[in-house]
file coords.txt (compact mmCIF, C-alpha atoms)
# COMPACT_ATOMS: atom_id res chain seq x y z
CA PRO A 1369 241.13 63.45 46.52
CA GLN A 1370 237.38 63.54 46.87
CA ASN A 1371 236.11 67.09 46.50
CA GLU A 1372 232.45 66.85 47.48
CA TRP A 1373 230.72 65.88 50.68
CA GLY A 1374 227.01 66.25 51.11
CA GLY A 1375 223.57 64.78 51.32
CA GLY A 1376 219.99 65.31 50.31
CA VAL A 1377 216.37 64.42 50.85
CA ASN A 1378 213.55 63.90 48.36
CA TYR A 1379 209.78 63.69 48.61
CA GLN A 1380 207.23 62.71 45.99
CA GLY A 1381 203.55 62.37 46.71
CA LEU A 1382 199.98 63.46 46.14
CA LEU A 1383 198.64 66.54 47.91
CA PRO A 1384 195.01 67.66 48.28
CA LEU A 1385 193.20 68.75 45.08
CA ASP A 1386 195.12 66.05 43.15
CA ILE A 1387 198.32 68.12 43.18
CA GLN A 1388 201.39 66.01 42.41
CA ALA A 1389 204.35 67.31 44.39
CA THR A 1390 208.07 66.66 44.05
CA VAL A 1391 210.43 68.31 46.53
CA SER A 1392 214.18 67.89 46.92
CA ALA A 1393 216.95 69.50 48.97
CA THR A 1394 220.68 68.90 48.73
CA TRP A 1395 223.65 70.30 50.64
CA ALA A 1396 227.32 69.97 49.76
CA ARG A 1397 230.75 71.09 50.92
CA PHE A 1398 233.80 71.28 48.67
CA PRO A 1399 237.07 71.08 50.66
CA HIS A 1400 239.23 71.79 47.61
CA LYS A 1401 239.08 74.35 44.86
CA LYS A 1402 237.20 73.79 41.61
CA TYR A 1403 236.27 75.72 38.48
CA MET A 1404 235.79 79.42 39.32
CA VAL A 1405 236.07 78.61 43.04
CA TYR A 1406 239.70 78.74 44.21
CA ALA A 1407 239.06 78.02 47.90
CA PRO A 1408 236.94 75.64 50.02
CA SER A 1409 233.23 76.39 49.62
CA HIS A 1410 229.73 75.13 50.29
CA GLY A 1411 226.37 75.23 48.58
CA SER A 1412 222.76 74.08 48.61
CA ASP A 1413 220.03 73.38 46.07
CA TYR A 1414 216.27 73.31 46.72
CA ARG A 1415 213.62 72.35 44.15
CA VAL A 1416 209.83 72.21 44.24
CA THR A 1417 207.54 71.01 41.43
CA LEU A 1418 203.74 71.05 41.60
CA VAL A 1419 201.49 69.62 38.88
CA ARG A 1420 197.74 70.24 38.97
CA PRO A 1421 195.41 68.67 36.35
CA PHE A 1422 192.22 70.54 35.49
CA LEU A 1423 189.26 68.30 36.25
CA LEU A 1424 186.92 70.00 33.76
CA VAL A 1425 189.50 69.69 30.96
CA PRO A 1426 191.16 66.25 31.32
CA ASP A 1427 194.01 67.03 28.90
CA LEU A 1428 194.97 70.36 30.52
CA SER A 1429 197.42 70.76 33.42
CA LEU A 1430 199.37 73.48 35.21
CA GLN A 1431 202.97 72.85 36.24
CA LEU A 1432 204.78 75.15 38.68
CA ARG A 1433 208.50 74.90 39.40
CA TYR A 1434 210.77 76.77 41.78
CA ARG A 1435 214.50 76.35 42.32
CA TYR A 1436 216.81 78.08 44.78
CA LYS A 1437 220.54 77.52 44.47
CA GLU A 1438 223.32 78.89 46.66
CA ARG A 1439 227.02 78.41 45.98
CA GLY A 1440 230.38 80.04 46.50
CA ARG A 1441 232.44 81.55 43.71
CA ASN A 1442 235.43 83.83 43.20
CA VAL A 1443 234.79 87.53 43.51
CA THR A 1444 237.20 87.85 40.56
CA PRO A 1445 239.73 85.30 39.28
CA THR A 1446 242.64 87.30 40.78
CA THR A 1447 241.22 88.79 44.01
CA GLN A 1448 243.24 87.62 47.03
CA VAL A 1449 243.42 88.65 50.68
CA ASP A 1450 246.52 87.62 52.66
CA GLY A 1451 247.41 85.13 49.95
CA HIS A 1452 243.95 83.53 49.83
CA TYR A 1453 241.31 83.91 47.15
CA LEU A 1454 238.26 85.88 48.18
CA LEU A 1455 234.93 84.11 47.69
CA GLU A 1456 231.35 85.33 47.84
CA GLN A 1457 228.12 83.42 48.27
CA THR A 1458 225.82 83.73 45.28
CA TYR A 1459 222.08 83.12 45.21
CA ARG A 1460 219.97 82.14 42.23
CA HIS A 1461 216.17 81.89 42.08
CA LEU A 1462 214.20 80.37 39.20
CA ALA A 1463 210.41 80.37 38.99
CA GLN A 1464 208.63 78.72 36.08
CA ALA A 1465 205.02 78.05 35.10
CA ASP A 1466 203.88 75.74 32.29
CA LEU A 1467 200.33 75.46 31.02
CA VAL A 1468 200.13 72.19 29.07
CA TYR A 1469 197.39 70.78 26.86
CA ASP A 1470 198.11 67.28 25.53
CA ASN A 1471 195.57 64.96 23.88
CA ARG A 1472 198.31 62.75 22.32
CA VAL A 1473 197.73 64.27 18.89
CA LEU A 1474 198.22 67.93 19.69
CA LYS A 1475 200.39 69.21 22.53
CA LEU A 1476 200.46 72.91 23.41
CA THR A 1477 202.83 74.28 26.06
CA THR A 1478 202.92 77.88 27.22
CA ARG A 1479 205.85 78.71 29.51
CA VAL A 1480 206.73 81.77 31.55
CA ALA A 1481 210.06 81.75 33.42
CA TYR A 1482 211.76 84.29 35.66
CA THR A 1483 215.24 84.15 37.17
CA HIS A 1484 217.02 86.39 39.66
CA TYR A 1485 220.70 86.26 40.60
CA HIS A 1486 222.67 88.19 43.19
CA GLY A 1487 225.79 87.82 45.29
CA GLU A 1488 227.32 89.31 48.37
CA VAL A 1489 229.48 91.48 46.11
CA SER A 1490 228.18 90.92 42.57
CA ASP A 1491 225.52 93.17 41.08
CA PRO A 1492 222.04 91.64 40.83
CA ALA A 1493 220.71 90.41 37.49
CA GLN A 1494 217.39 89.06 36.31
CA GLY A 1495 215.77 87.55 33.26
CA TRP A 1496 212.42 86.75 31.69
CA LEU A 1497 211.49 84.12 29.10
CA VAL A 1498 208.15 83.30 27.45
CA TYR A 1499 207.54 80.64 24.82
CA GLN A 1500 204.71 78.94 22.99
CA ASP A 1501 205.39 75.38 21.90
CA VAL A 1502 203.27 73.34 19.48
CA GLN A 1503 203.73 69.63 18.77
CA TYR A 1504 201.48 67.80 16.33
CA ARG A 1505 201.41 64.04 15.73
CA PRO A 1506 198.51 63.04 13.43
CA ARG A 1507 197.21 59.51 13.95
CA ARG A 1508 197.02 58.43 10.29
CA ILE A 1509 200.09 60.18 8.89
CA PRO A 1510 203.63 59.23 10.01
CA LEU A 1511 204.54 62.89 10.54
CA ASN A 1512 205.82 64.78 13.58
CA VAL A 1513 205.72 68.58 13.65
CA ALA A 1514 207.30 70.76 16.35
CA LEU A 1515 207.08 74.55 16.33
CA ARG A 1516 208.16 77.06 18.97
CA GLY A 1517 208.44 80.80 19.37
CA THR A 1518 210.51 82.17 22.28
CA TRP A 1519 210.96 85.71 23.59
CA PHE A 1520 213.64 86.44 26.18
CA ASP A 1521 215.07 89.41 28.06
CA VAL A 1522 217.99 88.37 30.29
CA ASP A 1523 220.49 90.80 31.79
CA ASP A 1524 223.61 88.62 31.51
CA TYR A 1525 225.01 85.11 31.69
CA GLU A 1526 224.58 84.83 35.47
CA ALA A 1527 220.79 85.17 35.05
CA ARG A 1528 220.69 82.76 32.08
CA ILE A 1529 217.65 80.59 31.42
CA TYR A 1530 217.82 77.11 29.89
CA THR A 1531 215.28 75.40 27.66
CA VAL A 1532 215.25 72.06 25.85
CA GLU A 1533 214.07 71.86 22.23
CA SER A 1534 212.68 69.05 20.14
CA ASP A 1535 215.37 67.74 17.85
CA PHE A 1536 216.39 64.83 15.65
CA ILE A 1537 216.60 61.29 16.98
CA TYR A 1538 219.78 60.77 19.04
CA ASN A 1539 220.26 64.54 19.38
CA TYR A 1540 219.84 66.60 22.55
CA ASN A 1541 219.38 70.33 22.12
CA ALA A 1542 219.54 72.60 25.20
CA ASN A 1543 219.67 76.35 24.64
CA THR A 1544 221.07 78.99 26.99
CA TYR A 1545 219.31 82.34 26.77
CA GLN A 1546 220.84 85.70 27.67
CA TYR A 1547 220.56 89.26 26.28
CA LYS A 1548 217.27 90.30 24.65
CA GLY A 1549 215.67 88.84 21.57
CA TYR A 1550 213.57 86.03 20.16
CA ARG A 1551 214.01 82.59 18.63
CA LEU A 1552 211.83 80.55 16.26
CA TYR A 1553 212.21 76.99 15.09
CA LEU A 1554 210.29 74.44 13.03
CA LEU A 1555 211.03 70.72 13.03
CA LEU A 1556 209.48 68.24 10.58
CA ARG A 1557 210.09 64.50 10.72
CA TYR A 1558 208.44 62.05 8.31
CA ASP A 1559 208.61 58.25 8.39
CA ILE A 1560 208.89 57.14 4.78
CA THR A 1561 208.92 53.48 5.83
CA PRO A 1562 209.17 51.85 9.28
CA ASN A 1563 212.96 51.77 8.81
CA TRP A 1564 213.54 54.98 6.92
CA ASN A 1565 212.76 58.55 7.97
CA ILE A 1566 213.87 62.05 7.15
CA GLY A 1567 213.87 65.20 9.27
CA VAL A 1568 214.32 68.91 8.56
CA LYS A 1569 214.86 71.63 11.16
CA TYR A 1570 214.98 75.39 10.61
CA SER A 1571 215.80 77.87 13.37
CA TYR A 1572 216.17 81.64 13.52
CA THR A 1573 217.51 83.64 16.46
CA GLN A 1574 217.81 87.42 16.67
CA TYR A 1575 219.17 89.73 19.36
CA LEU A 1576 217.55 93.12 19.83
CA ASN A 1577 220.33 94.70 21.90
CA ARG A 1578 223.51 93.42 20.24
CA ASP A 1579 225.32 93.91 16.93
CA ASP A 1580 227.07 90.53 16.82
CA PHE A 1581 226.19 86.90 17.43
CA GLY A 1582 228.19 84.09 19.06
CA SER A 1583 231.74 84.14 20.35
CA ASP A 1584 235.27 83.06 19.40
CA TYR A 1585 235.35 81.14 16.11
CA GLU A 1586 231.54 81.10 15.83
CA ARG A 1587 231.16 84.86 16.13
CA ILE A 1588 229.48 86.63 13.20
CA ASP A 1589 229.05 90.36 12.55
CA ALA A 1590 225.26 90.29 12.64
CA ASN A 1591 222.64 90.30 15.33
CA HIS A 1592 220.88 87.19 14.01
CA ARG A 1593 221.59 83.64 12.91
CA GLN A 1594 219.57 81.10 10.98
CA GLN A 1595 220.29 77.41 10.56
CA TRP A 1596 219.06 74.61 8.33
CA ARG A 1597 219.68 71.00 9.38
CA VAL A 1598 218.68 67.77 7.66
CA GLN A 1599 218.82 64.22 8.96
CA MET A 1600 218.08 61.01 7.09
CA ARG A 1601 218.01 57.79 9.12
CA LEU A 1602 218.01 54.25 7.75
CA LYS A 1603 218.04 51.28 10.09
CA TRP A 1604 218.25 47.59 9.29

call {"tool": "encode", "arguments": {"input": "coords.txt", "output": "structure tokens"}}
result
Amino acid sequence: PQNEWGGGVNYQGLLPLDIQATVSATWARFPHKKYMVYAPSHGSDYRVTLVRPFLLVPDLSLQLRYRYKERGRNVTPTTQVDGHYLLEQTYRHLAQADLVYDNRVLKLTTRVAYTHYHGEVSDPAQGWLVYQDVQYRPRRIPLNVALRGTWFDVDDYEARIYTVESDFIYNYNANTYQYKGYRLYLLLRYDITPNWNIGVKYSYTQYLNRDDFGSDYERIDANHRQQWRVQMRLKW
């Protein structure tokens, strides 16, 4: 049976001072249980994005994002009252600011993100993330360079913060940040010919408040992990 009923509204337009605004709101009800929610529930999701270019610096812009999400979830996987699972409403706030400079050769992005999570029963949690991203695409050399340094301090998984990284062609790399630490990566991609290119990516992540890294079969007895990846692509 169908397990979601809802609706939403969206707005996109230009505000005074050349501010580009995107606003959305969605509401949903779930008459049947789903993952981590073993009873009927409801939720809502609100998002606001504002983009303001700097008139004195044509290639510089400020992007502000805010998201508020409410949903139901189990208090614990086994908590029941009179034979019914006990749910709580949880609330998640995400605020993010990006300062972006992009002249089509050099792109610099500075991001600051903050998240706060709490529930009717669950303990509150929060997290911070700051990164500096550099992307360089010279006009006369078929080379792409992407470099990023990220610092994060996130209480737990409920307050997690997501980011998307530059990666190889046909690859999508989204990272989930929790705990406290930092991550660095460097990506180089060179077009040897129009139909042949090679890419190399190195990444290093270290936790400052843990003695292990990963979970299950990927767990290692160290607080850091480094990776080397190489891709060669030939098309005809």

call {"tool": "atom_distance", "arguments": {"input": "coords.txt", "atom1": "atom CA of A:Asn1471", "atom2": "atom CA of A:Val1391"}}
result
27.3 Å

call {"tool": "residues_near_point", "arguments": {"input": "coords.txt", "point": "(215.9, 73.4, 44.6)", "cutoff": "9 Å", "atoms": "only C-alpha atoms", "output": "number ranges by chain"}}
result
A: 1391-1394, 1412-1416, 1434-1437, 1461-1462

call {"tool": "residues_around", "arguments": {"input": "coords.txt", "residues": "stretch 1490-1497 of chain A", "least_positions_apart": "6", "cutoff": "10 Å", "atoms": "all atoms listed in the file", "output": "tab-separated table (two decimals) with C-alpha atoms, in the coordinates of the input"}}
result
chain	number	residue	atom	x	y	z
A	1443	VAL	CA	234.79	87.53	43.51
A	1444	THR	CA	237.20	87.85	40.56
A	1456	GLU	CA	231.35	85.33	47.84
A	1457	GLN	CA	228.12	83.42	48.27
A	1458	THR	CA	225.82	83.73	45.28
A	1459	TYR	CA	222.08	83.12	45.21
A	1460	ARG	CA	219.97	82.14	42.23
A	1461	HIS	CA	216.17	81.89	42.08
A	1462	LEU	CA	214.20	80.37	39.20
A	1463	ALA	CA	210.41	80.37	38.99
A	1464	GLN	CA	208.63	78.72	36.08
A	1479	ARG	CA	205.85	78.71	29.51
A	1480	VAL	CA	206.73	81.77	31.55
A	1481	ALA	CA	210.06	81.75	33.42
A	1482	TYR	CA	211.76	84.29	35.66
A	1483	THR	CA	215.24	84.15	37.17
A	1484	HIS	CA	217.02	86.39	39.66
A	1518	THR	CA	210.51	82.17	22.28
A	1519	TRP	CA	210.96	85.71	23.59
A	1520	PHE	CA	213.64	86.44	26.18
A	1521	ASP	CA	215.07	89.41	28.06
A	1522	VAL	CA	217.99	88.37	30.29
A	1523	ASP	CA	220.49	90.80	31.79
A	1524	ASP	CA	223.61	88.62	31.51
A	1525	TYR	CA	225.01	85.11	31.69
A	1526	GLU	CA	224.58	84.83	35.47
A	1527	ALA	CA	220.79	85.17	35.05
A	1528	ARG	CA	220.69	82.76	32.08
A	1529	ILE	CA	217.65	80.59	31.42
A	1530	TYR	CA	217.82	77.11	29.89
A	1531	THR	CA	215.28	75.40	27.66
A	1545	TYR	CA	219.31	82.34	26.77
A	1546	GLN	CA	220.84	85.70	27.67
A	1547	TYR	CA	220.56	89.26	26.28
A	1548	LYS	CA	217.27	90.30	24.65
A	1549	GLY	CA	215.67	88.84	21.57
A	1550	TYR	CA	213.57	86.03	20.16

call {"tool": "closest_residue", "arguments": {"input": "coords.txt", "among": "A:Leu1555, A:His1592, A:Ser1409, A:Asp1466", "to": "A:Asp1580", "atoms": "all atoms listed in the file"}}
result
A:His1592

call {"tool": "atom_distance", "arguments": {"input": "coords.txt", "atom1": "atom CA of A:Gln1599", "atom2": "atom CA of A:Gly1567"}}
result
5.1 Å

call {"tool": "build_atoms", "arguments": {"input": "coords.txt", "residues": "stretch 1534-1545 of chain A", "atoms": "all heavy atoms", "output": "PDB file, keeping the file's coordinate frame"}}
result
ATOM      1  N   SER A1534     212.824  70.284  20.921  1.00  0.00           N
ATOM      2  CA  SER A1534     212.680  69.050  20.140  1.00  0.00           C
ATOM      3  C   SER A1534     213.763  69.029  19.068  1.00  0.00           C
ATOM      4  O   SER A1534     214.120  70.062  18.499  1.00  0.00           O
ATOM      5  CB  SER A1534     211.299  69.007  19.468  1.00  0.00           C
ATOM      6  OG  SER A1534     210.273  69.006  20.424  1.00  0.00           O
ATOM      7  N   ASP A1535     214.288  67.852  18.820  1.00  0.00           N
ATOM      8  CA  ASP A1535     215.370  67.740  17.850  1.00  0.00           C
ATOM      9  C   ASP A1535     215.314  66.381  17.180  1.00  0.00           C
ATOM     10  O   ASP A1535     214.403  65.587  17.418  1.00  0.00           O
ATOM     11  CB  ASP A1535     216.728  67.959  18.538  1.00  0.00           C
ATOM     12  CG  ASP A1535     217.761  68.585  17.606  1.00  0.00           C
ATOM     13  OD1 ASP A1535     217.831  68.166  16.440  1.00  0.00           O
ATOM     14  OD2 ASP A1535     218.487  69.497  18.035  1.00  0.00           O
ATOM     15  N   PHE A1536     216.330  66.105  16.348  1.00  0.00           N
ATOM     16  CA  PHE A1536     216.390  64.830  15.650  1.00  0.00           C
ATOM     17  C   PHE A1536     216.612  63.683  16.644  1.00  0.00           C
ATOM     18  O   PHE A1536     217.048  63.890  17.779  1.00  0.00           O
ATOM     19  CB  PHE A1536     217.529  64.830  14.628  1.00  0.00           C
ATOM     20  CG  PHE A1536     217.375  65.868  13.560  1.00  0.00           C
ATOM     21  CD1 PHE A1536     218.459  66.632  13.153  1.00  0.00           C
ATOM     22  CD2 PHE A1536     216.165  66.082  12.942  1.00  0.00           C
ATOM     23  CE1 PHE A1536     218.334  67.583  12.164  1.00  0.00           C
ATOM     24  CE2 PHE A1536     216.023  67.033  11.949  1.00  0.00           C
ATOM     25  CZ  PHE A1536     217.121  67.782  11.559  1.00  0.00           C
ATOM     26  N   ILE A1537     216.333  62.481  16.189  1.00  0.00           N
ATOM     27  CA  ILE A1537     216.600  61.290  16.980  1.00  0.00           C
ATOM     28  C   ILE A1537     218.097  61.213  17.289  1.00  0.00           C
ATOM     29  O   ILE A1537     218.942  61.497  16.441  1.00  0.00           O
ATOM     30  CB  ILE A1537     216.129  60.041  16.229  1.00  0.00           C
ATOM     31  CG1 ILE A1537     214.617  60.109  16.007  1.00  0.00           C
ATOM     32  CG2 ILE A1537     216.488  58.766  16.982  1.00  0.00           C
ATOM     33  CD1 ILE A1537     214.063  58.965  15.187  1.00  0.00           C
ATOM     34  N   TYR A1538     218.406  60.886  18.526  1.00  0.00           N
ATOM     35  CA  TYR A1538     219.780  60.770  19.040  1.00  0.00           C
ATOM     36  C   TYR A1538     220.445  62.131  19.257  1.00  0.00           C
ATOM     37  O   TYR A1538     221.637  62.193  19.526  1.00  0.00           O
ATOM     38  CB  TYR A1538     220.679  59.904  18.140  1.00  0.00           C
ATOM     39  CG  TYR A1538     220.087  58.570  17.769  1.00  0.00           C
ATOM     40  CD1 TYR A1538     219.999  58.165  16.446  1.00  0.00           C
ATOM     41  CD2 TYR A1538     219.595  57.712  18.749  1.00  0.00           C
ATOM     42  CE1 TYR A1538     219.446  56.937  16.102  1.00  0.00           C
ATOM     43  CE2 TYR A1538     219.034  56.490  18.412  1.00  0.00           C
ATOM     44  CZ  TYR A1538     218.967  56.105  17.092  1.00  0.00           C
ATOM     45  OH  TYR A1538     218.414  54.904  16.753  1.00  0.00           O
ATOM     46  N   ASN A1539     219.701  63.214  19.131  1.00  0.00           N
ATOM     47  CA  ASN A1539     220.260  64.540  19.380  1.00  0.00           C
ATOM     48  C   ASN A1539     219.573  65.166  20.586  1.00  0.00           C
ATOM     49  O   ASN A1539     218.360  65.024  20.766  1.00  0.00           O
ATOM     50  CB  ASN A1539     220.062  65.460  18.168  1.00  0.00           C
ATOM     51  CG  ASN A1539     221.055  65.182  17.061  1.00  0.00           C
ATOM     52  OD1 ASN A1539     222.106  65.795  16.983  1.00  0.00           O
ATOM     53  ND2 ASN A1539     220.710  64.235  16.193  1.00  0.00           N
ATOM     54  N   TYR A1540     220.364  65.877  21.389  1.00  0.00           N
ATOM     55  CA  TYR A1540     219.840  66.600  22.550  1.00  0.00           C
ATOM     56  C   TYR A1540     220.186  68.067  22.375  1.00  0.00           C
ATOM     57  O   TYR A1540     221.348  68.422  22.189  1.00  0.00           O
ATOM     58  CB  TYR A1540     220.465  66.061  23.846  1.00  0.00           C
ATOM     59  CG  TYR A1540     220.014  66.786  25.088  1.00  0.00           C
ATOM     60  CD1 TYR A1540     218.780  66.503  25.672  1.00  0.00           C
ATOM     61  CD2 TYR A1540     220.822  67.752  25.682  1.00  0.00           C
ATOM     62  CE1 TYR A1540     218.362  67.157  26.812  1.00  0.00           C
ATOM     63  CE2 TYR A1540     220.412  68.413  26.829  1.00  0.00           C
ATOM     64  CZ  TYR A1540     219.190  68.100  27.396  1.00  0.00           C
ATOM     65  OH  TYR A1540     218.777  68.753  28.529  1.00  0.00           O
ATOM     66  N   ASN A1541     219.171  68.918  22.408  1.00  0.00           N
ATOM     67  CA  ASN A1541     219.380  70.330  22.120  1.00  0.00           C
ATOM     68  C   ASN A1541     218.897  71.170  23.304  1.00  0.00           C
ATOM     69  O   ASN A1541     217.698  71.319  23.536  1.00  0.00           O
ATOM     70  CB  ASN A1541     218.617  70.727  20.852  1.00  0.00           C
ATOM     71  CG  ASN A1541     219.009  72.103  20.355  1.00  0.00           C
ATOM     72  OD1 ASN A1541     219.526  72.933  21.105  1.00  0.00           O
ATOM     73  ND2 ASN A1541     218.763  72.365  19.091  1.00  0.00           N
ATOM     74  N   ALA A1542     219.847  71.710  24.079  1.00  0.00           N
ATOM     75  CA  ALA A1542     219.540  72.600  25.200  1.00  0.00           C
ATOM     76  C   ALA A1542     220.098  73.982  24.871  1.00  0.00           C
ATOM     77  O   ALA A1542     221.282  74.118  24.550  1.00  0.00           O
ATOM     78  CB  ALA A1542     220.132  72.070  26.495  1.00  0.00           C
ATOM     79  N   ASN A1543     219.258  74.992  24.939  1.00  0.00           N
ATOM     80  CA  ASN A1543     219.670  76.350  24.640  1.00  0.00           C
ATOM     81  C   ASN A1543     219.843  77.155  25.915  1.00  0.00           C
ATOM     82  O   ASN A1543     219.104  76.985  26.879  1.00  0.00           O
ATOM     83  CB  ASN A1543     218.623  77.053  23.756  1.00  0.00           C
ATOM     84  CG  ASN A1543     218.728  76.618  22.308  1.00  0.00           C
ATOM     85  OD1 ASN A1543     219.806  76.522  21.755  1.00  0.00           O
ATOM     86  ND2 ASN A1543     217.594  76.338  21.696  1.00  0.00           N
ATOM     87  N   THR A1544     220.825  78.064  25.894  1.00  0.00           N
ATOM     88  CA  THR A1544     221.070  78.990  26.990  1.00  0.00           C
ATOM     89  C   THR A1544     220.704  80.384  26.512  1.00  0.00           C
ATOM     90  O   THR A1544     221.264  80.871  25.532  1.00  0.00           O
ATOM     91  CB  THR A1544     222.546  78.955  27.426  1.00  0.00           C
ATOM     92  OG1 THR A1544     222.903  77.614  27.769  1.00  0.00           O
ATOM     93  CG2 THR A1544     222.775  79.875  28.613  1.00  0.00           C
ATOM     94  N   TYR A1545     219.778  81.031  27.204  1.00  0.00           N
ATOM     95  CA  TYR A1545     219.310  82.340  26.770  1.00  0.00           C
ATOM     96  C   TYR A1545     219.875  83.443  27.660  1.00  0.00           C
ATOM     97  O   TYR A1545     219.809  83.364  28.889  1.00  0.00           O
ATOM     98  CB  TYR A1545     217.783  82.398  26.803  1.00  0.00           C
ATOM     99  CG  TYR A1545     217.133  81.569  25.735  1.00  0.00           C
ATOM    100  CD1 TYR A1545     216.699  80.281  25.997  1.00  0.00           C
ATOM    101  CD2 TYR A1545     216.968  82.071  24.445  1.00  0.00           C
ATOM    102  CE1 TYR A1545     216.108  79.512  25.015  1.00  0.00           C
ATOM    103  CE2 TYR A1545     216.375  81.310  23.455  1.00  0.00           C
ATOM    104  CZ  TYR A1545     215.947  80.038  23.750  1.00  0.00           C
ATOM    105  OH  TYR A1545     215.358  79.273  22.756  1.00  0.00           O
TER     106      TYR A1545
END
